[in-house]
Structures are given as C-alpha cells and as structure tokens.
>>> print(open('protein-v6.cif').read())   # mmCIF, C-alpha atoms
data_run
#
loop_
_atom_site.label_atom_id
_atom_site.label_comp_id
_atom_site.auth_asym_id
_atom_site.auth_seq_id
_atom_site.Cartn_x
_atom_site.Cartn_y
_atom_site.Cartn_z
CA MET A 846 17.35 6.94 22.12
CA LEU A 847 16.88 6.77 18.35
CA LYS A 848 20.14 6.18 16.49
CA LEU A 849 20.38 8.18 13.27
CA ASN A 850 21.92 6.96 10.04
CA THR A 851 25.61 7.81 9.67
CA ASP A 852 25.11 8.11 5.90
CA ILE A 853 24.17 11.79 5.57
CA GLY A 854 22.61 11.34 2.11
CA GLU A 855 20.31 8.57 3.28
CA ARG A 856 19.44 10.50 6.44
CA LYS A 857 18.45 13.61 4.42
CA ALA A 858 16.33 11.44 2.13
CA GLY A 859 14.72 9.97 5.25
CA TYR A 860 13.70 13.42 6.46
CA ILE A 861 12.22 14.26 3.05
CA PHE A 862 10.13 11.08 2.84
CA MET A 863 9.13 11.39 6.50
CA SER A 864 7.79 14.89 5.83
CA LEU A 865 5.86 13.62 2.83
CA TRP A 866 4.46 10.71 4.87
CA LEU A 867 3.28 13.10 7.60
CA LEU A 868 1.59 15.41 5.07
CA ILE A 869 -0.27 12.42 3.63
CA LEU A 870 -1.22 11.38 7.17
CA ALA A 871 -2.78 14.81 7.73
CA PHE A 872 -4.83 14.36 4.55
CA TYR A 873 -5.99 10.85 5.48
CA LEU A 874 -7.01 12.02 8.95
CA THR A 875 -9.12 14.94 7.72
CA TRP A 876 -10.55 14.05 4.28
CA ASP A 877 -13.76 12.02 4.57
CA GLY A 878 -14.64 11.24 0.95
CA TRP A 879 -14.25 7.94 -0.87
CA VAL A 880 -13.79 7.54 -4.61
CA TYR A 881 -16.92 5.35 -4.83
CA GLU A 882 -19.17 8.06 -3.45
CA TRP A 883 -17.53 10.56 -5.81
CA GLU A 884 -18.24 8.27 -8.77
CA ALA A 885 -21.94 8.32 -7.86
CA CYS A 886 -22.52 11.94 -6.88
CA GLY A 887 -19.32 13.92 -7.48
CA TYR A 888 -17.92 16.36 -4.94
CA SER A 889 -21.47 17.17 -3.80
CA GLY A 890 -21.58 13.83 -1.93
CA PRO A 891 -22.26 14.10 1.83
CA ASN A 892 -18.75 12.92 2.78
CA GLN A 893 -16.70 14.87 0.22
CA HIS A 894 -15.17 17.34 2.66
CA PHE A 895 -12.44 17.96 5.22
CA ASP A 896 -13.23 17.82 8.93
CA LEU A 897 -11.51 17.17 12.25
CA ASN A 898 -13.81 14.33 13.34
CA PHE A 899 -11.38 11.44 12.93
CA PHE A 900 -13.79 8.67 13.95
CA ASP A 901 -16.98 9.62 12.15
CA MET A 902 -17.34 6.52 10.02
CA ARG A 903 -20.62 4.68 10.57
CA TYR A 904 -22.22 1.81 8.71
CA GLU A 905 -24.84 -0.91 9.11
CA VAL A 906 -25.22 -4.39 7.63
CA ILE A 907 -28.84 -4.73 6.51
CA ASN A 908 -30.10 -7.99 4.94
CA GLY A 909 -26.56 -9.03 4.08
CA GLN A 910 -25.73 -5.69 2.43
CA ILE A 911 -23.54 -2.96 3.85
CA LYS A 912 -25.00 0.53 4.10
CA TYR A 913 -22.56 3.37 4.77
CA ILE A 914 -23.97 6.32 6.68
CA SER A 915 -20.75 8.28 7.04
CA THR A 916 -17.19 7.61 5.84
CA ASN A 917 -13.60 8.69 6.48
CA ASN A 918 -10.14 7.76 5.23
CA LEU A 919 -8.55 6.24 8.34
CA HIS A 920 -8.40 2.85 6.60
CA ASN A 921 -5.82 4.26 4.16
CA ILE A 922 -3.34 4.48 7.06
CA ILE A 923 -3.46 0.67 7.40
CA TYR A 924 -2.46 0.13 3.78
CA LEU A 925 0.49 -1.82 2.41
CA CYS A 926 1.99 0.94 0.24
CA TYR A 927 1.65 3.55 2.97
CA TYR A 928 3.21 1.08 5.40
CA GLY A 929 6.02 0.53 2.88
CA LEU A 930 6.70 4.27 2.74
CA LEU A 931 6.83 4.35 6.55
CA ILE A 932 9.38 1.51 6.64
CA ALA A 933 11.42 3.18 3.87
CA TRP A 934 11.83 6.54 5.61
CA LEU A 935 12.49 4.89 8.96
CA GLY A 936 15.21 2.78 7.31
CA LEU A 937 16.75 5.81 5.61
CA LEU A 938 16.60 7.87 8.78
CA THR A 939 18.03 5.24 11.15
CA GLY A 940 20.14 3.12 8.83
CA ASN A 941 18.60 -0.03 10.32
CA LYS A 942 19.35 -2.87 7.90
CA TYR A 943 16.10 -4.73 8.59
CA LEU A 944 14.02 -1.64 7.84
CA LYS A 945 15.99 -0.72 4.73
CA HIS A 946 15.95 -4.18 3.20
CA GLY A 947 12.37 -4.73 4.33
CA ALA A 948 11.30 -1.64 2.42
CA MET A 949 13.31 -2.81 -0.60
CA SER A 950 11.43 -6.12 -0.54
CA LEU A 951 8.13 -4.23 -1.03
CA THR A 952 9.30 -2.20 -4.05
CA SER A 953 7.68 -4.40 -6.68
CA VAL A 954 4.39 -4.44 -4.73
CA MET A 955 4.21 -0.66 -4.74
CA PHE A 956 5.19 -0.59 -8.41
CA LEU A 957 2.35 -3.04 -9.11
CA SER A 958 -0.05 -0.60 -7.45
CA ILE A 959 1.05 2.07 -9.96
CA LEU A 960 0.48 -0.31 -12.87
CA PHE A 961 -2.94 -1.35 -11.54
CA THR A 962 -4.18 2.26 -11.67
CA LEU A 963 -2.73 3.62 -14.91
CA ARG A 964 -6.08 4.39 -16.54
CA PRO A 965 -6.82 8.11 -17.03
CA ALA A 966 -10.31 7.46 -15.62
CA ASP A 967 -8.66 6.65 -12.28
CA HIS A 968 -7.11 10.12 -12.08
CA GLN A 969 -10.04 12.52 -11.88
CA TYR A 970 -10.48 12.47 -8.12
CA LEU A 971 -8.50 14.04 -5.29
CA LEU A 972 -7.94 10.85 -3.30
CA GLN A 973 -6.51 9.01 -6.32
CA PHE A 974 -3.81 11.67 -6.69
CA VAL A 975 -2.87 11.15 -3.04
CA TRP A 976 -2.61 7.40 -3.68
CA ASP A 977 -0.36 8.21 -6.62
CA ILE A 978 1.90 10.26 -4.35
CA VAL A 979 2.07 7.34 -1.91
CA HIS A 980 2.88 4.84 -4.65
CA PHE A 981 5.45 6.94 -6.53
CA SER A 982 7.20 8.27 -3.42
CA SER A 983 7.41 4.73 -1.99
CA VAL A 984 8.95 3.41 -5.20
CA ILE A 985 11.40 6.34 -5.43
CA ALA A 986 12.49 5.84 -1.81
CA CYS A 987 13.03 2.12 -2.39
CA ILE A 988 14.84 2.62 -5.69
CA TYR A 989 17.18 4.98 -3.86
CA LEU A 990 17.77 2.24 -1.30
CA PHE A 991 18.54 -0.24 -4.08
CA TYR A 992 21.03 2.24 -5.52
CA LYS A 993 22.81 2.61 -2.18
CA ASN A 994 22.56 -1.00 -0.93
CA LYS A 995 22.86 -4.55 -2.22
CA PHE A 996 19.62 -6.34 -1.38
CA ILE A 997 19.89 -9.09 1.28
CA LEU A 998 16.71 -11.18 1.43
CA LYS A 999 17.21 -12.60 4.93
CA TRP A 1000 17.30 -9.06 6.36
CA ALA A 1001 14.04 -8.26 4.57
CA LEU A 1002 12.03 -11.18 5.95
CA PRO A 1003 10.86 -9.57 9.26
CA VAL A 1004 9.25 -6.64 7.44
CA LEU A 1005 7.98 -8.83 4.62
CA PHE A 1006 6.12 -11.12 7.03
CA SER A 1007 4.98 -8.18 9.15
CA THR A 1008 2.72 -7.19 6.25
CA TRP A 1009 0.61 -10.24 7.15
CA VAL A 1010 0.16 -8.78 10.65
CA ILE A 1011 -0.90 -5.47 9.09
CA TYR A 1012 -3.40 -7.38 6.95
CA TYR A 1013 -4.95 -9.00 10.03
CA VAL A 1014 -5.07 -5.64 11.82
CA SER A 1015 -7.04 -4.22 8.90
CA LEU A 1016 -9.45 -7.17 9.01
CA PHE A 1017 -10.06 -6.89 12.76
CA LEU A 1018 -10.36 -3.13 12.95
CA LEU A 1019 -11.89 -2.09 9.67
CA LYS A 1020 -14.43 -4.72 8.65
CA PRO A 1021 -17.83 -5.55 10.15
CA TRP A 1022 -17.42 -8.33 12.70
CA PRO A 1023 -17.00 -11.23 12.19
CA PHE A 1024 -14.74 -10.14 9.30
CA TRP A 1025 -14.77 -13.56 7.58
CA GLU A 1026 -18.52 -13.26 7.05
CA HIS A 1027 -18.30 -9.80 5.46
CA ASN A 1028 -15.30 -10.05 3.15
CA ASN A 1029 -17.31 -9.24 0.04
CA LEU A 1030 -19.24 -6.35 1.61
CA ALA A 1031 -16.71 -3.85 2.86
CA TYR A 1032 -14.11 -1.83 1.04
CA TYR A 1033 -11.67 -2.10 3.90
CA GLY A 1034 -8.49 -4.06 4.02
CA ILE A 1035 -4.86 -3.70 3.10
CA ASN A 1036 -5.72 -4.50 -0.49
CA GLN A 1037 -8.02 -1.63 -1.47
CA ILE A 1038 -6.72 -1.36 -5.02
CA ASN A 1039 -6.88 -5.00 -6.06
CA LYS A 1040 -9.40 -7.59 -4.85
CA MET A 1041 -8.27 -10.81 -3.25
CA PRO A 1042 -9.07 -13.82 -5.47
CA PHE A 1043 -10.45 -15.75 -2.47
CA TYR A 1044 -11.01 -15.32 1.28
CA PHE A 1045 -10.27 -17.79 4.09
CA TYR A 1046 -10.01 -16.30 7.58
CA GLY A 1047 -7.11 -14.05 6.60
CA LEU A 1048 -5.01 -16.97 5.35
CA GLU A 1049 -5.67 -15.79 1.79
CA TYR A 1050 -2.79 -13.36 2.32
CA SER A 1051 -0.43 -16.35 2.06
CA LEU A 1052 -0.84 -15.95 -1.72
CA ALA A 1053 0.48 -12.38 -1.46
CA ILE A 1054 3.39 -13.57 0.71
CA PHE A 1055 4.20 -16.23 -1.90
CA ILE A 1056 4.20 -13.68 -4.73
CA ILE A 1057 6.30 -11.14 -2.79
CA LEU A 1058 8.78 -13.85 -1.77
CA ALA A 1059 9.03 -15.19 -5.33
CA ILE A 1060 9.74 -11.69 -6.67
CA ASN A 1061 12.42 -11.06 -4.06
CA ILE A 1062 14.06 -14.44 -4.55
CA GLY A 1063 14.28 -13.51 -8.23
CA ILE A 1064 15.87 -10.16 -7.34
CA SER A 1065 18.36 -11.86 -4.99
CA TRP A 1066 19.30 -14.40 -7.65
CA LEU A 1067 19.70 -11.89 -10.49
CA GLN A 1068 21.33 -9.06 -8.54
CA PRO A 1069 24.89 -10.54 -8.45
CA LYS A 1070 24.80 -10.94 -12.23
CA PHE A 1071 24.42 -7.14 -12.64
CA PRO A 1072 27.01 -5.32 -10.51
CA ASP A 1073 26.17 -1.95 -12.11
CA LYS A 1074 24.18 0.16 -9.62
CA ARG A 1075 21.89 1.55 -12.31
CA VAL A 1076 20.85 -1.94 -13.40
CA ARG A 1077 20.38 -2.93 -9.76
CA THR A 1078 17.87 -0.12 -9.27
CA VAL A 1079 15.83 -1.08 -12.35
CA LEU A 1080 15.77 -4.81 -11.56
CA PRO A 1081 12.84 -4.78 -9.05
CA LEU A 1082 10.78 -2.71 -11.50
CA LEU A 1083 11.43 -5.13 -14.37
CA ILE A 1084 10.52 -8.14 -12.23
CA GLY A 1085 7.47 -6.27 -10.91
CA PHE A 1086 6.35 -5.58 -14.48
CA VAL A 1087 6.70 -9.27 -15.38
CA ALA A 1088 4.64 -10.13 -12.27
CA TYR A 1089 2.00 -7.62 -13.41
CA LEU A 1090 1.75 -9.27 -16.83
CA VAL A 1091 1.40 -12.72 -15.21
CA LEU A 1092 -1.32 -11.49 -12.81
CA LEU A 1093 -3.10 -9.75 -15.69
CA PHE A 1094 -2.99 -12.92 -17.80
CA LEU A 1095 -4.38 -14.97 -14.87
CA GLY A 1096 -7.22 -12.48 -14.37
CA LEU A 1097 -6.07 -11.53 -10.88
CA VAL A 1098 -5.96 -7.78 -11.58
CA GLN A 1099 -9.42 -6.68 -10.42
CA ILE A 1100 -10.03 -3.07 -9.45
CA GLU A 1101 -12.52 -2.56 -6.62
CA HIS A 1102 -15.98 -1.14 -7.41
CA LEU A 1103 -18.44 -0.60 -4.59
CA ASP A 1104 -21.86 0.98 -4.19
CA ILE A 1105 -21.56 2.48 -0.71
CA GLY A 1106 -25.08 3.90 -0.75
CA THR A 1107 -24.45 7.30 0.83
CA CYS A 1108 -25.87 9.40 -2.01
#
>>> encode(input="protein-v6.cif", output="structure tokens")
Amino acid sequence: MLKLNTDIGERKAGYIFMSLWLLILAFYLTWDGWVYEWEACGYSGPNQHFDLNFFDMRYEVINGQIKYISTNNLHNIIYLCYYGLLIAWLGLLTGNKYLKHGAMSLTSVMFLSILFTLRPADHQYLLQFVWDIVHFSSVIACIYLFYKNKFILKWALPVLFSTWVIYYVSLFLLKPWPFWEHNNLAYYGINQINKMPFYFYGLEYSLAIFIILAINIGISWLQPKFPDKRVRTVLPLLIGFVAYLVLLFLGLVQIEHLDIGTC
C-alpha cells in the first residue's frame, strides 16, 4: 500500500504536479506532430494532428539516411525533464527521501533546458509550449523541495544514476537498431533539446553524469554556508546558470535540427 506524505503541504503540491504530469501525458500520447515537420510545412504537415493511434510511428533507413513516414510523441515520455517531474511529484506525494532528493538533484538540468530554449523563435509551435510547461513545472516543484528540505547528496544518488538507465531505454526502444550505428540519424533519445558531443555505445552519458554530479557536489558544499531558505532555493539555479555559461563557452550547447522528410 502506498504511504502518503505526512506533510500536508508537500502532499497537496504532489497532487497538483501529478495532475499536470498526467495532462502532459495525455498530450504526448495523442499529438503526432514534431517541431521539425512544422518548421518545414507548418500545421498543414501530415502528422500535425491529434489521434488515438499511440503506436503509429514508422520510419525507414535508406542509404544511410532516415526517412520518417509517420511520427508521434511517445519519445517525449522517455525524457529526462519529464522523468524529473515524475520523480518530483512522487517524492512530494509519498515523502520518500530518495525520490525527493533525487528530484532535487535534477533541478539544474531542468533549468538548463529552459536556458537552452530561450529564443523567441523556439516558441511559435504547440509542442514547444508543452516542453516549457514540463521544464518550468519541474523546476518549480524542485525549488519547492529545496525550500522545504536540506539537500542530501547520498540520498539523491539512486535517482541520479537511474537517469542513465532511462537513457539506455531510450536508445534501445526509440532508435533504429543497432542504435550505435544510427546515433546521428534519429531525433530520439533522452537528450532531444541538446545534442551529445560524442557517441560511444551509450557510455557518452557518463559526461552528463559527471556534470550533474559536479553541480550537486557544489550545491552540497555551498548549502551549509547559506542557512536562509530563500538562498537555498536559488542556489541550484545559480549553479545551473554558471554551468550553462561554461557549456556555452565550450560549444556544447547545440540545438537539434533535423530534416525528417515527411513533407
């Protein structure tokens, strides 16, 4: 039997974010269109519609190039920020310390996703607004957790490393097989917003683990120096912004662009 959080405020917040997560799930299950098709042919594209065919995505690899015949948005369910929102509302609802601190450890990642897509040109399409809702609601949920809890890194590690499992799930399920031969063809993967700088049988995600760990070690080290709750809530955003500037300087901020060929 599921044990609910004894903190009524956190439990109520859990219900709110759970409801939001489920509404987004309904959108991902039924909206077929991708932003790349919209960029080429607008809302008149063949996949820019709602339907109840959840598994209608079809593609072929022809002469080393991927050709999409039909698309859907199921891949957005296996996505780090959406996963982070799931962990956040489960932590708020149940009070489980591993879920709560695990969600907190992903705060800066979700904040980075907001920073990666700040351009007005990225906000003219329906799906992008849904991504914005995912990113902002995830960050708000985690900031609330930072306000209510002191971050403990060791409790966050199971969720933090579970993101690597999610990454492998996305590679196995959502890329043409064998996935290591088609990394540069498909849009799929946990990292839809920002490209990976290299690919090596899924081990490239070790770079993401290193960055997330470094950010959270910084939060753990600085947190005791700022006992004020308000400063504690801002700290992961400040460190996330510094990480964004470093990634930008290193040229690692690369937004995906893909010709899916459906128009």
>>> closest_residue(input="protein-v6.cif", among="A:Phe961, A:Phe1045, A:Tyr1089, A:Phe862", to="A:Tyr1013", atoms="only C-alpha atoms")
A:Phe1045
>>> resolve_selection(input="protein-v6.cif", expression="the PyMOL selection byres ((chain A and resi 902-918) around 8)", output="list in words")
Tyr873, Leu874, Thr875, Trp876, Asp877, Gly878, Trp879, Pro891, Asn892, Phe899, Phe900, Asp901, Leu919, His920, Asn921, Ile922, Pro1021, Leu1030, Ala1031, Ile1105, Gly1106 and Thr1107 of chain A
>>> closest_residue(input="protein-v6.cif", among="A:Ile1084, A:Ala1001, A:Ile853, A:Val1010", to="A:Leu1067", atoms="all atoms listed in the file")
A:Ile1084
>>> resolve_selection(input="protein-v6.cif", expression="the PyMOL selection byres ((chain A and resi 925) around 8)", output="ChimeraX atom specification")
/A:923-924,926-929,1008,1011,1035-1036
>>> resolve_selection(input="protein-v6.cif", expression="the PyMOL selection byres ((chain A and resi 997) around 12)", output="PDB file with C-alpha atoms, in the frame of the given file")
ATOM      1  CA  LYS A 942      19.350  -2.870   7.900  1.00  0.00           C
ATOM      2  CA  TYR A 943      16.100  -4.730   8.590  1.00  0.00           C
ATOM      3  CA  LEU A 944      14.020  -1.640   7.840  1.00  0.00           C
ATOM      4  CA  LYS A 945      15.990  -0.720   4.730  1.00  0.00           C
ATOM      5  CA  HIS A 946      15.950  -4.180   3.200  1.00  0.00           C
ATOM      6  CA  GLY A 947      12.370  -4.730   4.330  1.00  0.00           C
ATOM      7  CA  ALA A 948      11.300  -1.640   2.420  1.00  0.00           C
ATOM      8  CA  MET A 949      13.310  -2.810  -0.600  1.00  0.00           C
ATOM      9  CA  SER A 950      11.430  -6.120  -0.540  1.00  0.00           C
ATOM     10  CA  LEU A 990      17.770   2.240  -1.300  1.00  0.00           C
ATOM     11  CA  PHE A 991      18.540  -0.240  -4.080  1.00  0.00           C
ATOM     12  CA  ASN A 994      22.560  -1.000  -0.930  1.00  0.00           C
ATOM     13  CA  LYS A 995      22.860  -4.550  -2.220  1.00  0.00           C
ATOM     14  CA  PHE A 996      19.620  -6.340  -1.380  1.00  0.00           C
ATOM     15  CA  LEU A 998      16.710 -11.180   1.430  1.00  0.00           C
ATOM     16  CA  LYS A 999      17.210 -12.600   4.930  1.00  0.00           C
ATOM     17  CA  TRP A1000      17.300  -9.060   6.360  1.00  0.00           C
ATOM     18  CA  ALA A1001      14.040  -8.260   4.570  1.00  0.00           C
ATOM     19  CA  LEU A1002      12.030 -11.180   5.950  1.00  0.00           C
ATOM     20  CA  ASN A1061      12.420 -11.060  -4.060  1.00  0.00           C
ATOM     21  CA  ILE A1062      14.060 -14.440  -4.550  1.00  0.00           C
ATOM     22  CA  GLY A1063      14.280 -13.510  -8.230  1.00  0.00           C
ATOM     23  CA  ILE A1064      15.870 -10.160  -7.340  1.00  0.00           C
ATOM     24  CA  SER A1065      18.360 -11.860  -4.990  1.00  0.00           C
ATOM     25  CA  TRP A1066      19.300 -14.400  -7.650  1.00  0.00           C
ATOM     26  CA  GLN A1068      21.330  -9.060  -8.540  1.00  0.00           C
ATOM     27  CA  PRO A1069      24.890 -10.540  -8.450  1.00  0.00           C
TER      28      PRO A1069
END
>>> atom_distance(input="protein-v6.cif", atom1="atom CA of A:Phe1055", atom2="atom CA of A:Tyr1012")
14.6 Å
>>> residues_around(input="protein-v6.cif", residues="A:Val975", least_positions_apart="2", cutoff="12 Å", atoms="only C-alpha atoms", output="count of residues only")
27
>>> closest_residue(input="protein-v6.cif", among="A:Ile1060, A:Val1004, A:Leu849, A:Leu1048", to="A:Trp1025", atoms="only C-alpha atoms")
A:Leu1048
>>> closest_residue(input="protein-v6.cif", among="A:Met955, A:Pro1003, A:Leu935, A:Ile1054", to="A:Pro1081", atoms="all atoms listed in the file")
A:Met955
